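Novice: Encoded as structure tokens, here's the structure I'll be asking about.
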Amino acid sequence: MLDILLYSLIGITVIQLLYYIVIFGRFSFAKAQKGNPKRIPLSVIVCAKNEGENVIKFIPLLAEQNYPDFEIVLIDDSSSDDTLDLFEEFEKQYSNVKLVKVQNNEAFWGNKKFALTLGIKAAKNEYLLFTDADCYPTSKEWIKEMSSNFTLKKTIVLGYGAYEKIPNSFLNKLIRFETILTATQFFGWAKIGKPYMGVGRNLAYKRDEFFRVNGFIDHMKLRSGDDDLFVNQASNAENTTVCFSKESFTYSKPKTSFKEWFDQKRRHVSTATYYKSFDRFQLALFFFSQFSFLILAVILLAFQHQWMIVLPIVLFRYIFTWTSLGYAAGKLNEKDVIYWFPIMEIALIFTHLNVFFANIFSKTVHWK
């Protein structure tokens, strides 16, 4: 029996090697990007619901972007705080701000996708750049960096949405580690021609792509997925590229309680069940290989079965995974998190396991 577990460990390690080196490595070990600056007219789209505290700080940062021709489309999704009032002030203050007011609609009440659809239709430019109301760009070159990746064929650009660092917070390190791992996954798959998701905190695409798949119509009833489900449906090897220059990053305020973050992960995981079959398979296989490696390694080492073989396998696995994620973290300006890699990985594995079971036995809460 223990011999079977040893062979299984070897097979799982090979699978992990394929993921971390062959697939994720296409991003991790990629050369630094050099974009080709464009001057294409572009619309920045921000959808907000009760985000007054954030928009008063972050919208002016968007308005100060160093780009020759852009508008900012501000969508108020039936806010009950002062978000709409602030948006109206921004519309008066900045000549390139356009306001879209979304009234409560019985059929689409509280549906962010409905609000975004109205904003996309209202935008005057064909090229669209999306971020969230609680996000801000890391530099004044954000629009220039993201738009520089558009070409005649590349009409979907996947960007990186980071989270702010909170000193001496284990939860913050865990959140940022999960963000690094997720970005490494979807950047790597995109680079080998199998893009499967993006994040609405930093995503750009040509409006034609939106209408080509009839917008969000196929998943309008799902409250989440305006970013990853859209990319999963619309992206392919020919039309999708990635942007990971440091000037293109956006930052968001991370959750500060485990419950809030756990609920957020539940929403993300429940949305992923609607991905294409291959994407669901590769994500499930990746998690299975992570979990199985951990369990098999613990069992075999506990019984000291062929430990002179098992121990080098375990060390080899941690060397290539740590190396791959270390290079990725360097590109994403998150090196401090990788020092904690083994602990972060174990914590994340069991968090995802709890999310899986929680989603089976109870419903998730979405955009309100």
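Residues are referred to by chain and number: the chain letter is A, B, ... according to the order shown in the structure tokens, the number counts from 1 in that chain, and ligands are numbered separately from 1 in the order shown.
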Could you please write out, as a list in words, every residue of range 53-122 of chain A that DSSP assigns to strand (DSSP E)?

Specialist: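 For range 53-122 of chain A, the strand (DSSP E) set is Phe70, Glu71, Ile72, Val73, Leu74, Ile75, Asp76, Asp77, Val97, Lys98, Leu99, Val100, Lys101 and Val102 of chain A.
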
Novice: Could you pull the residues within 12 Å of Ala347 in chain A, counting only C-alpha atoms, minus those fewer than 4 positions along the same chain, as an MDAnalysis selection string?

Specialist: chainID A and resid 170:171 173:175 177:178 290:291 294 340:343 351:354

Novice: Need to verify the contact set: Tyr19 in chain A, 10 Å, only C-alpha atoms, exclusion of same-chain residues closer than 3 positions in sequence. Can you return it as a VMD selection string?

Specialist: chain A and resid 13 to 16 22 to 25 185 188 to 189 282 285 to 286 289 321 324

Novice: Take the residues from that selection and write them out as a short mmCIF file (atom, residue, chain, number, x, y, z; two decimals), in the first residue's frame, keeping N, CA, C and O atoms.

Specialist:
data_model
loop_
_atom_site.label_atom_id
_atom_site.label_comp_id
_atom_site.auth_asym_id
_atom_site.auth_seq_id
_atom_site.Cartn_x
_atom_site.Cartn_y
_atom_site.Cartn_z
N THR A 13 3.84 14.85 -8.25
CA THR A 13 4.94 15.80 -8.37
C THR A 13 5.18 16.16 -9.83
O THR A 13 5.47 17.32 -10.16
N VAL A 14 5.05 15.20 -10.72
CA VAL A 14 5.18 15.46 -12.16
C VAL A 14 4.10 16.44 -12.62
O VAL A 14 4.37 17.37 -13.39
N ILE A 15 2.87 16.23 -12.15
CA ILE A 15 1.77 17.14 -12.50
C ILE A 15 2.08 18.55 -12.01
O ILE A 15 1.90 19.53 -12.74
N GLN A 16 2.55 18.66 -10.78
CA GLN A 16 2.91 19.97 -10.23
C GLN A 16 4.04 20.62 -11.04
O GLN A 16 4.02 21.83 -11.27
N VAL A 22 6.10 24.49 -16.69
CA VAL A 22 5.71 24.55 -18.10
C VAL A 22 4.64 25.61 -18.35
O VAL A 22 4.74 26.40 -19.30
N ILE A 23 3.61 25.65 -17.49
CA ILE A 23 2.48 26.57 -17.71
C ILE A 23 2.71 27.90 -17.00
O ILE A 23 2.81 28.95 -17.63
N PHE A 24 2.80 27.86 -15.67
CA PHE A 24 3.00 29.10 -14.93
C PHE A 24 4.33 29.75 -15.29
O PHE A 24 4.48 30.97 -15.23
N GLY A 25 5.30 28.92 -15.64
CA GLY A 25 6.62 29.43 -15.99
C GLY A 25 6.61 30.34 -17.20
O GLY A 25 7.51 31.17 -17.36
N GLN A 185 -1.42 31.93 -12.32
CA GLN A 185 -2.19 30.93 -13.06
C GLN A 185 -2.81 31.52 -14.33
O GLN A 185 -2.60 31.00 -15.43
N GLY A 188 -0.21 32.74 -16.86
CA GLY A 188 0.49 31.61 -17.49
C GLY A 188 -0.36 30.92 -18.54
O GLY A 188 0.09 30.65 -19.65
N TRP A 189 -1.62 30.64 -18.19
CA TRP A 189 -2.52 30.00 -19.15
C TRP A 189 -2.77 30.90 -20.35
O TRP A 189 -2.84 30.42 -21.50
N GLN A 282 -8.81 21.84 -15.32
CA GLN A 282 -7.43 22.17 -14.99
C GLN A 282 -7.32 22.82 -13.62
O GLN A 282 -6.32 22.60 -12.90
N LEU A 285 -7.75 19.93 -11.12
CA LEU A 285 -6.55 19.09 -11.11
C LEU A 285 -5.42 19.77 -10.35
O LEU A 285 -4.68 19.11 -9.59
N PHE A 286 -5.30 21.08 -10.52
CA PHE A 286 -4.25 21.81 -9.82
C PHE A 286 -4.46 21.74 -8.31
O PHE A 286 -3.53 21.43 -7.55
N SER A 289 -3.80 18.22 -7.03
CA SER A 289 -2.36 17.91 -6.97
C SER A 289 -1.71 18.58 -5.77
O SER A 289 -0.82 17.99 -5.13
N THR A 321 8.57 24.85 -7.12
CA THR A 321 7.38 25.69 -6.90
C THR A 321 7.76 27.04 -6.32
O THR A 321 7.25 28.09 -6.73
N SER A 324 9.39 29.18 -9.10
CA SER A 324 8.42 29.71 -10.06
C SER A 324 7.63 30.86 -9.47
O SER A 324 7.52 31.93 -10.08
#

Novice: Could you pull the residues within 8 Å of range 216-231 of chain A, counting only C-alpha atoms, minus those fewer than 4 positions along the same chain, as a ChimeraX atom specification?

Specialist: /A:111-114,117,195-200,203,235,267-268,271-272,274-275,366-367

Novice: Take the residues from that selection and write them out as a compact mmCIF listing (two decimals), in the first residue's frame, keeping C-alpha atoms.

Specialist:
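Heads up, here's the output in part29.txt:
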# COMPACT_ATOMS: atom_id res chain seq x y z
CA ASN A 111 -27.21 43.32 -10.56
CA LYS A 112 -23.80 44.86 -11.25
CA LYS A 113 -23.77 43.36 -14.75
CA PHE A 114 -26.88 45.33 -15.69
CA THR A 117 -23.95 47.07 -19.50
CA PRO A 195 -6.90 32.32 -21.22
CA TYR A 196 -9.67 31.54 -18.76
CA MET A 197 -10.20 34.53 -16.46
CA GLY A 198 -9.34 38.11 -15.61
CA VAL A 199 -10.07 40.48 -12.73
CA GLY A 200 -12.42 43.45 -12.98
CA LEU A 203 -9.22 44.59 -17.29
CA SER A 235 -11.18 35.23 -24.73
CA ARG A 267 -18.34 33.92 -4.31
CA HIS A 268 -15.30 33.48 -6.54
CA THR A 271 -18.62 31.55 -10.06
CA ALA A 272 -15.79 29.30 -11.30
CA TYR A 274 -19.61 28.11 -14.67
CA TYR A 275 -16.27 28.14 -16.49
CA HIS A 366 -23.37 38.51 -3.75
CA TRP A 367 -23.30 42.19 -4.80

Novice: Compile the contact shell of Ala133 in chain A as a list in words: residues with an atom at most 6 Å away, counting only C-alpha atoms, same-chain residues fewer than 4 positions apart removed.

Specialist: Val46, Ala48 and Val55 of chain A

Novice: Just want the 9 Å neighbourhood of Ser78 in chain A, counted on only C-alpha atoms, with same-chain residues fewer than 5 positions away dropped. Output as an NGL selection string.

Specialist: :A and (48-50 or 84 or 101-104 or 110)

Novice: Find the spatial neighbours of Ala123 in chain A, counting only C-alpha atoms, within a cut-off of 9 Å - ignore same-chain residues fewer than 3 positions away - and output them as a count of residues only.

Specialist: 13

Novice: From a backbone DSSP assignment, name each residue in range 243-344 of chain A labelled alpha helix (DSSP H), as a PyMOL selection string.

Specialist: chain A and resi 258-272+277-302+307-331+335-338+341-344
